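Source file: protein_5.pdb. Holds: PDB, C-alpha atoms.
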```pdb
ATOM      1  CA  MET A   1     -13.410 -66.776-172.858
ATOM      2  CA  ALA A   2     -15.979 -66.841-170.079
ATOM      3  CA  ALA A   3     -18.951 -64.478-170.215
ATOM      4  CA  LEU A   4     -17.579 -62.668-167.151
ATOM      5  CA  SER A   5     -14.355 -61.802-168.985
ATOM      6  CA  VAL A   6     -16.263 -60.622-172.052
ATOM      7  CA  ASN A   7     -18.451 -58.495-169.782
ATOM      8  CA  THR A   8     -15.294 -56.850-168.449
ATOM      9  CA  GLU A   9     -14.129 -55.975-171.974
ATOM     10  CA  VAL A  10     -17.514 -54.477-172.829
ATOM     11  CA  GLU A  11     -17.460 -52.557-169.515
ATOM     12  CA  LYS A  12     -14.197 -50.931-170.589
ATOM     13  CA  LEU A  13     -15.790 -49.921-173.873
ATOM     14  CA  LEU A  14     -18.855 -48.495-172.116
ATOM     15  CA  ASP A  15     -16.529 -46.340-170.002
ATOM     16  CA  LYS A  16     -15.798 -44.453-173.219
ATOM     17  CA  LEU A  17     -19.446 -43.712-174.023
ATOM     18  CA  PRO A  18     -21.775 -40.973-172.699
ATOM     19  CA  ALA A  19     -23.904 -41.669-169.627
ATOM     20  CA  GLU A  20     -27.183 -41.616-171.609
ATOM     21  CA  ILE A  21     -26.043 -44.494-173.831
ATOM     22  CA  VAL A  22     -24.451 -46.438-170.984
ATOM     23  CA  TYR A  23     -27.606 -46.217-168.841
ATOM     24  CA  THR A  24     -29.820 -47.426-171.706
ATOM     25  CA  ILE A  25     -27.554 -50.366-172.507
ATOM     26  CA  ARG A  26     -27.128 -51.402-168.869
ATOM     27  CA  MET A  27     -30.866 -51.320-168.211
ATOM     28  CA  ALA A  28     -31.518 -53.544-171.231
ATOM     29  CA  PHE A  29     -28.663 -56.024-170.899
ATOM     30  CA  GLU A  30     -27.816 -56.064-167.168
ATOM     31  CA  LYS A  31     -25.397 -59.024-166.819
ATOM     32  CA  ARG A  32     -25.679 -60.001-170.492
ATOM     33  CA  LEU A  33     -23.231 -57.470-171.876
ATOM     34  CA  TYR A  34     -21.364 -60.343-173.554
ATOM     35  CA  GLU A  35     -24.224 -60.615-176.054
ATOM     36  CA  ILE A  36     -23.520 -57.188-177.552
ATOM     37  CA  CYS A  37     -21.957 -57.273-181.041
ATOM     38  CA  GLU A  38     -22.620 -53.769-182.386
ATOM     39  CA  ILE A  39     -23.702 -50.367-181.101
ATOM     40  CA  LYS A  40     -25.121 -47.983-183.720
ATOM     41  CA  ILE A  41     -25.044 -44.280-182.856
ATOM     42  CA  ASN A  42     -26.663 -42.297-185.684
ATOM     43  CA  LEU A  43     -27.581 -38.607-185.519
ATOM     44  CA  ASN A  44     -31.316 -37.936-185.001
ATOM     45  CA  CYS A  45     -32.032 -41.683-184.887
ATOM     46  CA  PRO A  46     -32.712 -44.013-181.968
ATOM     47  CA  LEU A  47     -29.837 -45.914-180.386
ATOM     48  CA  ILE A  48     -29.592 -49.413-181.888
ATOM     49  CA  VAL A  49     -27.746 -52.316-180.274
ATOM     50  CA  ILE A  50     -27.178 -55.658-181.984
ATOM     51  CA  GLY A  51     -27.077 -58.666-179.677
ATOM     52  CA  LYS A  52     -28.864 -61.935-180.192
ATOM     53  CA  ARG A  53     -31.347 -59.726-182.031
ATOM     54  CA  GLU A  54     -31.633 -56.052-182.943
ATOM     55  CA  TYR A  55     -32.707 -53.725-180.107
ATOM     56  CA  VAL A  56     -34.066 -50.300-181.135
ATOM     57  CA  PHE A  57     -34.270 -47.840-178.226
ATOM     58  CA  ASP A  58     -36.850 -45.235-179.209
ATOM     59  CA  SER A  59     -36.458 -43.743-175.743
ATOM     60  CA  LEU A  60     -32.979 -42.453-176.665
ATOM     61  CA  ILE A  61     -32.667 -40.340-179.804
ATOM     62  CA  ILE A  62     -29.063 -39.491-180.657
ATOM     63  CA  THR A  63     -28.629 -35.730-180.490
ATOM     64  CA  LYS A  64     -25.665 -33.731-181.759
ATOM     65  CA  GLU A  65     -24.532 -33.309-178.145
ATOM     66  CA  ILE A  66     -24.576 -37.058-177.460
ATOM     67  CA  LEU A  67     -22.788 -37.807-180.741
ATOM     68  CA  ASN A  68     -20.101 -35.208-180.045
ATOM     69  CA  LYS A  69     -19.536 -36.648-176.572
ATOM     70  CA  CYS A  70     -19.091 -40.087-178.127
ATOM     71  CA  ILE A  71     -16.552 -38.779-180.618
ATOM     72  CA  SER A  72     -14.606 -36.870-177.959
ATOM     73  CA  ARG A  73     -14.443 -39.787-175.533
ATOM     74  CA  LEU A  74     -13.610 -42.436-178.126
ATOM     75  CA  THR A  75     -10.808 -40.300-179.612
ATOM     76  CA  ASN A  76      -9.503 -39.162-176.209
ATOM     77  CA  ASN A  77     -10.402 -35.572-177.140
ATOM     78  CA  SER A  78      -8.001 -35.698-180.085
ATOM     79  CA  LEU A  79      -9.938 -36.333-183.295
ATOM     80  CA  PHE A  80      -6.946 -35.169-185.347
ATOM     81  CA  THR A  81      -4.868 -38.100-184.049
ATOM     82  CA  TYR A  82      -7.337 -40.565-185.588
ATOM     83  CA  GLU A  83      -8.090 -38.625-188.770
ATOM     84  CA  LYS A  84      -5.814 -40.651-191.066
ATOM     85  CA  ASN A  85      -7.632 -43.862-190.106
ATOM     86  CA  ILE A  86     -11.057 -42.202-190.138
ATOM     87  CA  LEU A  87     -10.452 -41.225-193.772
ATOM     88  CA  GLN A  88     -10.354 -44.973-194.499
ATOM     89  CA  GLY A  89     -13.758 -45.351-192.850
ATOM     90  CA  TYR A  90     -12.995 -46.378-189.295
ATOM     91  CA  PHE A  91     -10.616 -46.231-186.354
ATOM     92  CA  THR A  92      -9.852 -48.629-183.517
ATOM     93  CA  VAL A  93      -9.858 -48.112-179.749
ATOM     94  CA  ASP A  94      -8.247 -50.074-176.910
ATOM     95  CA  GLY A  95      -9.539 -53.617-176.772
ATOM     96  CA  GLY A  96      -9.645 -53.900-180.562
ATOM     97  CA  HIS A  97     -13.153 -52.416-180.895
ATOM     98  CA  ARG A  98     -13.620 -50.985-184.398
ATOM     99  CA  ILE A  99     -15.486 -47.699-184.805
ATOM    100  CA  GLY A 100     -16.987 -47.230-188.264
ATOM    101  CA  VAL A 101     -17.532 -43.589-189.200
ATOM    102  CA  ALA A 102     -20.300 -42.022-191.322
ATOM    103  CA  GLY A 103     -20.403 -38.382-192.340
ATOM    104  CA  LYS A 104     -19.053 -35.894-194.879
ATOM    105  CA  PHE A 105     -15.564 -36.545-196.197
ATOM    106  CA  THR A 106     -13.670 -34.120-198.421
ATOM    107  CA  PHE A 107     -10.803 -35.272-200.652
ATOM    108  CA  GLU A 108      -8.474 -33.076-202.662
ATOM    109  CA  ASN A 109      -5.390 -33.363-204.869
ATOM    110  CA  GLY A 110      -6.602 -36.446-206.679
ATOM    111  CA  ASN A 111      -7.916 -38.017-203.452
ATOM    112  CA  LYS A 112      -4.407 -38.014-201.959
ATOM    113  CA  GLN A 113      -5.346 -35.533-199.246
ATOM    114  CA  GLY A 114      -8.544 -35.418-197.277
ATOM    115  CA  PHE A 115     -10.277 -34.332-194.114
ATOM    116  CA  VAL A 116     -13.463 -35.102-192.217
ATOM    117  CA  SER A 117     -15.922 -32.240-192.626
ATOM    118  CA  SER A 118     -18.476 -33.666-190.198
ATOM    119  CA  ILE A 119     -19.363 -36.945-188.511
ATOM    120  CA  SER A 120     -23.012 -38.021-188.486
ATOM    121  CA  GLY A 121     -22.791 -41.548-187.126
ATOM    122  CA  LEU A 122     -20.677 -44.213-185.469
ATOM    123  CA  ASN A 123     -20.955 -47.977-185.783
ATOM    124  CA  ILE A 124     -19.108 -49.713-182.939
ATOM    125  CA  ARG A 125     -18.179 -53.326-183.605
ATOM    126  CA  VAL A 126     -17.453 -54.972-180.282
ATOM    127  CA  SER A 127     -14.307 -57.086-180.323
ATOM    128  CA  LYS A 128     -14.877 -60.596-179.000
ATOM    129  CA  ALA A 129     -12.316 -63.105-177.820
ATOM    130  CA  VAL A 130     -12.031 -66.182-180.014
ATOM    131  CA  ARG A 131     -11.363 -69.595-178.533
ATOM    132  CA  ILE A 132      -8.902 -71.634-180.530
ATOM    133  CA  GLU A 133      -7.178 -74.952-180.102
ATOM    134  CA  PRO A 134      -3.429 -74.197-180.381
ATOM    135  CA  GLU A 135      -2.558 -77.735-181.441
ATOM    136  CA  LYS A 136      -5.073 -77.676-184.307
ATOM    137  CA  ILE A 137      -3.576 -74.465-185.640
ATOM    138  CA  LEU A 138       0.064 -75.417-185.067
ATOM    139  CA  LYS A 139      -0.069 -78.839-186.657
ATOM    140  CA  ASN A 140      -1.437 -77.238-189.830
ATOM    141  CA  ILE A 141       0.768 -74.163-190.205
ATOM    142  CA  VAL A 142       4.055 -75.153-188.498
ATOM    143  CA  LYS A 143       6.361 -77.355-190.557
ATOM    144  CA  GLU A 144       7.260 -80.825-189.298
ATOM    145  CA  ASN A 145      10.746 -79.908-188.088
ATOM    146  CA  LEU A 146       9.210 -77.008-186.088
ATOM    147  CA  ASP A 147      11.751 -74.508-187.433
ATOM    148  CA  SER A 148       9.453 -72.647-189.814
ATOM    149  CA  ILE A 149       5.817 -72.117-190.815
ATOM    150  CA  TYR A 150       3.794 -72.147-194.012
ATOM    151  CA  ASN A 151       2.797 -68.758-195.404
ATOM    152  CA  THR A 152      -0.783 -68.583-194.165
ATOM    153  CA  LEU A 153      -3.844 -66.558-195.180
ATOM    154  CA  ILE A 154      -6.872 -66.261-192.867
ATOM    155  CA  ILE A 155     -10.136 -65.486-194.683
ATOM    156  CA  SER A 156     -13.749 -64.897-193.702
ATOM    157  CA  PRO A 157     -16.589 -62.404-194.134
ATOM    158  CA  PRO A 158     -16.511 -59.374-191.771
ATOM    159  CA  GLY A 159     -17.178 -60.034-188.092
ATOM    160  CA  CYS A 160     -15.995 -63.649-187.970
ATOM    161  CA  GLY A 161     -12.927 -63.115-185.793
ATOM    162  CA  LYS A 162     -10.040 -62.918-188.290
ATOM    163  CA  THR A 163      -8.092 -60.293-186.379
ATOM    164  CA  THR A 164      -8.602 -61.977-183.024
ATOM    165  CA  LEU A 165      -7.506 -65.332-184.430
ATOM    166  CA  LEU A 166      -4.462 -63.660-185.980
ATOM    167  CA  ARG A 167      -3.586 -62.134-182.607
ATOM    168  CA  ASN A 168      -3.847 -65.541-180.922
ATOM    169  CA  ILE A 169      -1.696 -67.243-183.559
ATOM    170  CA  ILE A 170       0.945 -64.529-183.189
ATOM    171  CA  ARG A 171       1.035 -65.100-179.416
ATOM    172  CA  ILE A 172       1.276 -68.892-179.779
ATOM    173  CA  LEU A 173       4.103 -68.707-182.320
ATOM    174  CA  SER A 174       5.986 -65.963-180.520
ATOM    175  CA  SER A 175       5.748 -67.390-177.002
ATOM    176  CA  GLY A 176       6.386 -70.996-178.062
ATOM    177  CA  GLU A 177       3.184 -72.623-176.869
ATOM    178  CA  GLY A 178       1.969 -76.164-177.489
ATOM    179  CA  ILE A 179       4.187 -78.370-179.639
ATOM    180  CA  LEU A 180       6.733 -75.566-179.966
ATOM    181  CA  ALA A 181       7.665 -76.149-176.303
ATOM    182  CA  VAL A 182       9.016 -72.635-175.685
ATOM    183  CA  ARG A 183      10.858 -72.545-179.022
ATOM    184  CA  GLY A 184       9.093 -69.411-180.219
ATOM    185  CA  PHE A 185       9.558 -67.468-183.434
ATOM    186  CA  ARG A 186      10.690 -63.867-183.896
ATOM    187  CA  VAL A 187       7.574 -62.038-185.133
ATOM    188  CA  VAL A 188       7.014 -58.511-186.403
ATOM    189  CA  VAL A 189       3.422 -57.246-186.549
ATOM    190  CA  ILE A 190       2.687 -54.526-189.085
ATOM    191  CA  ASP A 191      -0.342 -52.983-187.412
ATOM    192  CA  GLU A 192      -1.365 -50.393-189.976
ATOM    193  CA  ARG A 193      -4.576 -49.349-188.183
ATOM    194  CA  SER A 194      -3.652 -50.202-184.570
ATOM    195  CA  GLU A 195      -6.047 -53.161-184.513
ATOM    196  CA  ILE A 196      -3.825 -56.116-183.706
ATOM    197  CA  CYS A 197      -2.049 -54.662-180.702
ATOM    198  CA  ALA A 198      -1.502 -51.030-179.800
ATOM    199  CA  VAL A 199       2.090 -50.372-178.763
ATOM    200  CA  ASP A 200       1.142 -49.600-175.152
ATOM    201  CA  ASN A 201      -0.798 -52.840-174.637
ATOM    202  CA  ASP A 202       0.496 -55.763-172.599
ATOM    203  CA  ARG A 203       3.128 -57.461-174.767
ATOM    204  CA  ARG A 204       2.075 -60.876-173.458
ATOM    205  CA  GLU A 205      -1.081 -60.604-175.559
ATOM    206  CA  ILE A 206       1.027 -61.100-178.684
ATOM    207  CA  GLY A 207       4.033 -62.999-177.356
ATOM    208  CA  ILE A 208       7.413 -62.228-175.861
ATOM    209  CA  ARG A 209       9.319 -62.338-179.186
ATOM    210  CA  THR A 210       6.998 -59.938-181.019
ATOM    211  CA  PHE A 211       7.794 -56.412-182.167
ATOM    212  CA  VAL A 212       4.985 -54.102-183.342
ATOM    213  CA  LEU A 213       5.194 -51.468-186.076
ATOM    214  CA  ASP A 214       2.082 -49.407-185.355
ATOM    215  CA  GLY A 215       0.512 -47.015-187.869
ATOM    216  CA  VAL A 216       2.904 -48.019-190.676
ATOM    217  CA  ASP A 217       1.698 -49.126-194.115
ATOM    218  CA  LYS A 218       2.491 -52.709-195.039
ATOM    219  CA  LEU A 219       5.139 -52.121-197.707
ATOM    220  CA  ARG A 220       7.075 -49.598-195.632
ATOM    221  CA  GLY A 221       6.677 -51.806-192.565
ATOM    222  CA  ILE A 222       8.122 -54.864-194.284
ATOM    223  CA  LEU A 223      11.203 -52.934-195.384
ATOM    224  CA  MET A 224      11.662 -51.488-191.885
ATOM    225  CA  ALA A 225      11.220 -54.904-190.258
ATOM    226  CA  VAL A 226      13.649 -56.755-192.500
ATOM    227  CA  ARG A 227      16.309 -54.046-192.236
ATOM    228  CA  SER A 228      16.324 -53.696-188.486
ATOM    229  CA  LEU A 229      14.178 -56.185-186.535
ATOM    230  CA  ASN A 230      15.325 -59.565-187.946
ATOM    231  CA  PRO A 231      11.901 -61.281-188.116
ATOM    232  CA  GLN A 232      11.266 -64.885-188.994
ATOM    233  CA  ILE A 233       7.555 -64.131-189.423
ATOM    234  CA  ILE A 234       5.711 -60.961-190.440
ATOM    235  CA  ALA A 235       2.008 -60.702-189.547
ATOM    236  CA  MET A 236      -0.426 -58.213-191.041
ATOM    237  CA  ASP A 237      -4.166 -57.621-191.155
ATOM    238  CA  GLU A 238      -6.640 -57.101-193.988
ATOM    239  CA  LEU A 239      -4.930 -57.344-197.341
ATOM    240  CA  GLY A 240      -6.940 -55.344-199.827
ATOM    241  CA  SER A 241      -5.078 -52.831-201.950
ATOM    242  CA  PRO A 242      -2.572 -53.508-204.753
ATOM    243  CA  SER A 243       0.202 -52.107-202.534
ATOM    244  CA  ASP A 244      -0.718 -54.637-199.818
ATOM    245  CA  TYR A 245      -0.198 -57.509-202.245
ATOM    246  CA  LEU A 246       3.079 -55.985-203.429
ATOM    247  CA  ALA A 247       4.166 -55.883-199.780
ATOM    248  CA  VAL A 248       3.385 -59.577-199.339
ATOM    249  CA  CYS A 249       5.344 -60.484-202.457
ATOM    250  CA  GLU A 250       8.327 -58.432-201.294
ATOM    251  CA  ALA A 251       8.322 -60.150-197.902
ATOM    252  CA  SER A 252       8.255 -63.598-199.493
ATOM    253  CA  LYS A 253      11.230 -62.690-201.709
ATOM    254  CA  MET A 254      13.183 -61.721-198.598
ATOM    255  CA  GLY A 255      12.778 -65.165-197.057
ATOM    256  CA  VAL A 256      10.394 -64.019-194.338
ATOM    257  CA  LYS A 257       7.281 -66.076-193.574
ATOM    258  CA  ILE A 258       3.886 -64.367-193.678
ATOM    259  CA  ILE A 259       0.580 -64.630-191.843
ATOM    260  CA  ALA A 260      -2.156 -62.286-193.074
ATOM    261  CA  THR A 261      -5.926 -61.867-193.184
ATOM    262  CA  MET A 262      -8.317 -60.919-195.968
ATOM    263  CA  HIS A 263     -12.069 -60.425-196.319
ATOM    264  CA  ALA A 264     -13.461 -63.240-198.466
ATOM    265  CA  GLU A 265     -16.517 -65.486-198.394
ATOM    266  CA  SER A 266     -14.577 -68.507-199.643
ATOM    267  CA  VAL A 267     -11.329 -69.649-201.228
ATOM    268  CA  LYS A 268     -13.026 -69.219-204.590
ATOM    269  CA  ASP A 269     -13.336 -65.482-203.867
ATOM    270  CA  ILE A 270      -9.541 -65.185-203.651
ATOM    271  CA  TYR A 271      -9.182 -66.404-207.223
ATOM    272  CA  MET A 272     -11.841 -63.994-208.461
ATOM    273  CA  ARG A 273      -9.835 -60.898-207.444
ATOM    274  CA  GLU A 274      -6.998 -59.783-209.682
ATOM    275  CA  PHE A 275      -4.286 -59.026-207.141
ATOM    276  CA  SER A 276      -5.012 -61.838-204.688
ATOM    277  CA  ARG A 277      -5.168 -64.288-207.591
ATOM    278  CA  LYS A 278      -1.727 -63.139-208.736
ATOM    279  CA  ILE A 279      -0.012 -63.785-205.406
ATOM    280  CA  ILE A 280      -1.760 -67.145-205.045
ATOM    281  CA  ASN A 281      -0.655 -68.127-208.539
ATOM    282  CA  GLN A 282       2.877 -67.049-207.665
ATOM    283  CA  GLY A 283       2.793 -69.558-204.814
ATOM    284  CA  VAL A 284       3.203 -66.982-202.043
ATOM    285  CA  PHE A 285       0.557 -68.437-199.709
ATOM    286  CA  GLU A 286       0.644 -72.129-198.881
ATOM    287  CA  LYS A 287      -2.189 -72.501-196.347
ATOM    288  CA  VAL A 288      -5.630 -70.929-195.993
ATOM    289  CA  ILE A 289      -7.675 -70.889-192.788
ATOM    290  CA  VAL A 290     -11.375 -70.352-193.544
ATOM    291  CA  LEU A 291     -13.445 -68.878-190.697
ATOM    292  CA  SER A 292     -17.142 -68.361-190.130
ATOM    293  CA  SER A 293     -19.375 -67.385-187.218
ATOM    294  CA  ARG A 294     -21.477 -70.561-187.472
ATOM    295  CA  ASN A 295     -20.710 -71.534-183.865
ATOM    296  CA  GLY A 296     -19.726 -68.023-182.823
ATOM    297  CA  PRO A 297     -16.885 -65.817-184.110
ATOM    298  CA  GLY A 298     -13.717 -67.738-184.882
ATOM    299  CA  THR A 299     -15.325 -70.986-186.044
ATOM    300  CA  ILE A 300     -12.671 -72.741-188.129
ATOM    301  CA  GLU A 301     -14.435 -74.246-191.127
ATOM    302  CA  LYS A 302     -11.401 -75.470-193.063
ATOM    303  CA  ILE A 303      -7.624 -75.362-193.114
ATOM    304  CA  LEU A 304      -6.515 -75.974-196.678
ATOM    305  CA  SER A 305      -3.246 -76.412-198.473
ATOM    306  CA  LEU A 306      -3.515 -74.194-201.522
ATOM    307  CA  GLY A 307      -4.289 -76.250-204.537
ATOM    308  CA  GLU A 308      -7.113 -77.863-202.561
ATOM    309  CA  GLY A 309     -10.437 -76.068-202.782
ATOM    310  CA  LYS A 310      -9.384 -73.719-205.590
ATOM    311  CA  ASN A 311     -12.754 -74.134-207.225
ATOM    312  CA  GLY A 312     -14.598 -74.857-204.010
ATOM    313  CA  GLY A 313     -16.509 -72.827-201.461
TER
END
```

Would you mind giving the structure from this file in structure tokens?
Amino acid sequence: MAALSVNTEVEKLLDKLPAEIVYTIRMAFEKRLYEICEIKINLNCPLIVIGKREYVFDSLIITKEILNKCISRLTNNSLFTYEKNILQGYFTVDGGHRIGVAGKFTFENGNKQGFVSSISGLNIRVSKAVRIEPEKILKNIVKENLDSIYNTLIISPPGCGKTTLLRNIIRILSSGEGILAVRGFRVVVIDERSEICAVDNDRREIGIRTFVLDGVDKLRGILMAVRSLNPQIIAMDELGSPSDYLAVCEASKMGVKIIATMHAESVKDIYMREFSRKIINQGVFEKVIVLSSRNGPGTIEKILSLGEGKNGG
């Protein structure tokens, strides 16, 4: 995506921040908003912005008033609406920008119930568009007869563009781009934390044959999708918990194809974790796309058939 387009996305994010922060960022970056990767807003500390390097703005100390304005604007004056996600450490706003939350969290009833006592800081990770070559992706994950795909896992460390790549793949498969020649797949996105595509976003971002289950956990979402939405492919973000892996296994038993993401430094990492190792050993995933940020977010390092690279990096 051109710098101008990225600037526009960052502009939309800045519209949600207080004037003091916006003024400081604009004065420092002018027409280089596309460089911004993170904005750190920490109570009683200077504003910090991560671009090509770290910028510490001693001229703007984050007061309680500024922090509260940030929280109100980012949550559309409805913190309660986002509380379930905040209890997992972050929430997401329009554009896919992830807001990490620091503060005091209180959990009760064996950690099953919780609430946010106070928020002391926000870490905004700016979502960036990822350029991909549709043909490179399709020829590796779509089967030769073009009527199905390989179950595919996208892995990388944080901040390397997994979610954005997943969103692009969903659009390509759903809309029938490239070698699919308009023969798209029926896709259901289980968007547990509203990161892939909020339900009120432009459907063309994720393809014309895509349904979204927003705010639903993966296992429940798979059962809902299979019962009523007739998917050929189910897409989900950030496998991590035992229930997530159970959900993937259930989907594979139902004959639905899966595309998912997971935090991992390498393929070797997958085999070092108990639950991910189990589903790999059960043959659930067939392909792995390994990303890095070596040439910017979304750099495709490898696309492996599982069995290759098991002991590699």

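Between CA of Glu274 (chain A) and CA of Leu246 (chain A) the separation is 12.5 Å.
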
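The shortest atom-to-atom distance to Asn68 (chain A), with only C-alpha atoms taken into account, belongs to A:Ile119 out of A:Ile119, A:Ala247, A:Ala181, A:Ile222.
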
* Quick one: pull the distance between CA of Ile196 (chain A) and CA of Thr163 (chain A), Å, one decimal. =>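 Between CA of Ile196 (chain A) and CA of Thr163 (chain A) the gap is 6.5 Å.
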
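If you look at CA of Gly103 (chain A) and CA of Glu9 (chain A), they are 27.6 Å away from each other.
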
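Among the candidates A:Pro297, A:Gly100, A:Glu38, A:Gln88, the residue lying nearest to Lys128 (chain A) is A:Pro297 (atoms considered: only C-alpha atoms).
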
* **Which of A:Leu47, A:Val256, A:Leu79, A:Ile25 sits closest to Ser148 (chain A) [using all atoms listed in the file]** =>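 Selected residue with least distance to Ser148 (chain A): A:Val256.
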
* Pick the closest to Arg227 (chain A) from A:Glu144, A:Gly178, A:Thr75, A:Val188: which is it, counting all atoms listed in the file? ->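 Once distances to Arg227 (chain A) are computed over all atoms listed in the file, the minimum belongs to A:Val188.
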
List every protein, DNA or RNA residue that has an atom no more than 12 Å from (-24.9, -43.6, -170.5) in the file's coordinate frame, counting all atoms listed in the file, and report them as an mmCIF file with C-alpha atoms, in the frame of the given file.
```cif
data_model
loop_
_atom_site.group_PDB
_atom_site.id
_atom_site.type_symbol
_atom_site.label_atom_id
_atom_site.label_comp_id
_atom_site.auth_asym_id
_atom_site.auth_seq_id
_atom_site.Cartn_x
_atom_site.Cartn_y
_atom_site.Cartn_z
ATOM 1 C CA GLU A 11 -17.460 -52.557 -169.515
ATOM 2 C CA LEU A 13 -15.790 -49.921 -173.873
ATOM 3 C CA LEU A 14 -18.855 -48.495 -172.116
ATOM 4 C CA ASP A 15 -16.529 -46.340 -170.002
ATOM 5 C CA LYS A 16 -15.798 -44.453 -173.219
ATOM 6 C CA LEU A 17 -19.446 -43.712 -174.023
ATOM 7 C CA PRO A 18 -21.775 -40.973 -172.699
ATOM 8 C CA ALA A 19 -23.904 -41.669 -169.627
ATOM 9 C CA GLU A 20 -27.183 -41.616 -171.609
ATOM 10 C CA ILE A 21 -26.043 -44.494 -173.831
ATOM 11 C CA VAL A 22 -24.451 -46.438 -170.984
ATOM 12 C CA TYR A 23 -27.606 -46.217 -168.841
ATOM 13 C CA THR A 24 -29.820 -47.426 -171.706
ATOM 14 C CA ILE A 25 -27.554 -50.366 -172.507
ATOM 15 C CA ARG A 26 -27.128 -51.402 -168.869
ATOM 16 C CA MET A 27 -30.866 -51.320 -168.211
ATOM 17 C CA ALA A 28 -31.518 -53.544 -171.231
ATOM 18 C CA LEU A 47 -29.837 -45.914 -180.386
ATOM 19 C CA LEU A 60 -32.979 -42.453 -176.665
ATOM 20 C CA ILE A 62 -29.063 -39.491 -180.657
ATOM 21 C CA ILE A 66 -24.576 -37.058 -177.460
ATOM 22 C CA LEU A 67 -22.788 -37.807 -180.741
ATOM 23 C CA LYS A 69 -19.536 -36.648 -176.572
ATOM 24 C CA CYS A 70 -19.091 -40.087 -178.127
#
```

* Have a look at A:Ile124, A:Asp191, A:Val267, A:Glu286 and name the one nearest to Gly215 (chain A); count all atoms listed in the file. =>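 Using all atoms listed in the file, the shortest distance to Gly215 (chain A) belongs to A:Asp191.
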
* A:Thr261, A:Asn151, A:Asn76, A:Ser194: which is nearest Leu166 (chain A), counting only C-alpha atoms? -> A:Thr261

Taking (-14.3, -72.4, -195.4) in the file's coordinates, which residues come within 7 Å, counting all atoms listed in the file, written as a PDB file with C-alpha atoms, keeping the file's coordinate frame?
```pdb
ATOM      1  CA  SER A 266     -14.577 -68.507-199.643  1.00  0.00           C
ATOM      2  CA  VAL A 290     -11.375 -70.352-193.544  1.00  0.00           C
ATOM      3  CA  LEU A 291     -13.445 -68.878-190.697  1.00  0.00           C
ATOM      4  CA  GLU A 301     -14.435 -74.246-191.127  1.00  0.00           C
ATOM      5  CA  LYS A 302     -11.401 -75.470-193.063  1.00  0.00           C
ATOM      6  CA  GLY A 313     -16.509 -72.827-201.461  1.00  0.00           C
TER       7      GLY A 313
END
```

* **Who sits within 12 Å of Lys253 (chain A), only C-alpha atoms, same chain under 2 positions skipped, as a PyMOL selection string** => chain A and resi 222-223+226+246-251+255-258+279+282-284

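Around Gly240 (chain A), within 12 Å and counting only C-alpha atoms, the residues found are Ile155, Lys218, Tyr245, Leu246, Ala247, Val248, Ala260, Thr261, Met262, His263, Ala264, Ile270, Arg273, Glu274, Phe275, Ser276 and Arg277 of chain A, once anything fewer than 5 positions away on its own chain is removed.
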
* Could you name the residues that touch Val142 (chain A) at 12 Å or less, counting all atoms listed in the file, but leaving out those on the same chain fewer than 3 positions away, as a PyMOL selection string? -> chain A and resi 134-139+145-152+169+172-173+176-180+183-185+233+257-259+286-287

Using all atoms listed in the file, what table do you get, as JSON lines, when you list each residue of region 96-195 of chain A with an atom no more than 6 Å from region 204-209 of chain A, its nearest pair of atoms, and their distance in Å rounded to one decimal, rows by chain then rising number?
```
{"residue": "A:Ile170", "atom": "CA", "partner": "A:Ile206", "partner_atom": "CA", "distance": 5.7}
{"residue": "A:Arg171", "atom": "CA", "partner": "A:Ile206", "partner_atom": "CA", "distance": 4.1}
{"residue": "A:Ser174", "atom": "CA", "partner": "A:Gly207", "partner_atom": "CA", "distance": 4.8}
{"residue": "A:Ser175", "atom": "CA", "partner": "A:Gly207", "partner_atom": "CA", "distance": 4.7}
{"residue": "A:Arg186", "atom": "CA", "partner": "A:Arg209", "partner_atom": "CA", "distance": 5.1}
```

Selection above as a file: C-alpha atoms, as a tab-separated table (two decimals), keeping the file's coordinate frame:
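The new file selection-v1.tsv reads:
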```tsv
chain	number	residue	atom	x	y	z
A	170	ILE	CA	0.94	-64.53	-183.19
A	171	ARG	CA	1.03	-65.10	-179.42
A	174	SER	CA	5.99	-65.96	-180.52
A	175	SER	CA	5.75	-67.39	-177.00
A	186	ARG	CA	10.69	-63.87	-183.90
```
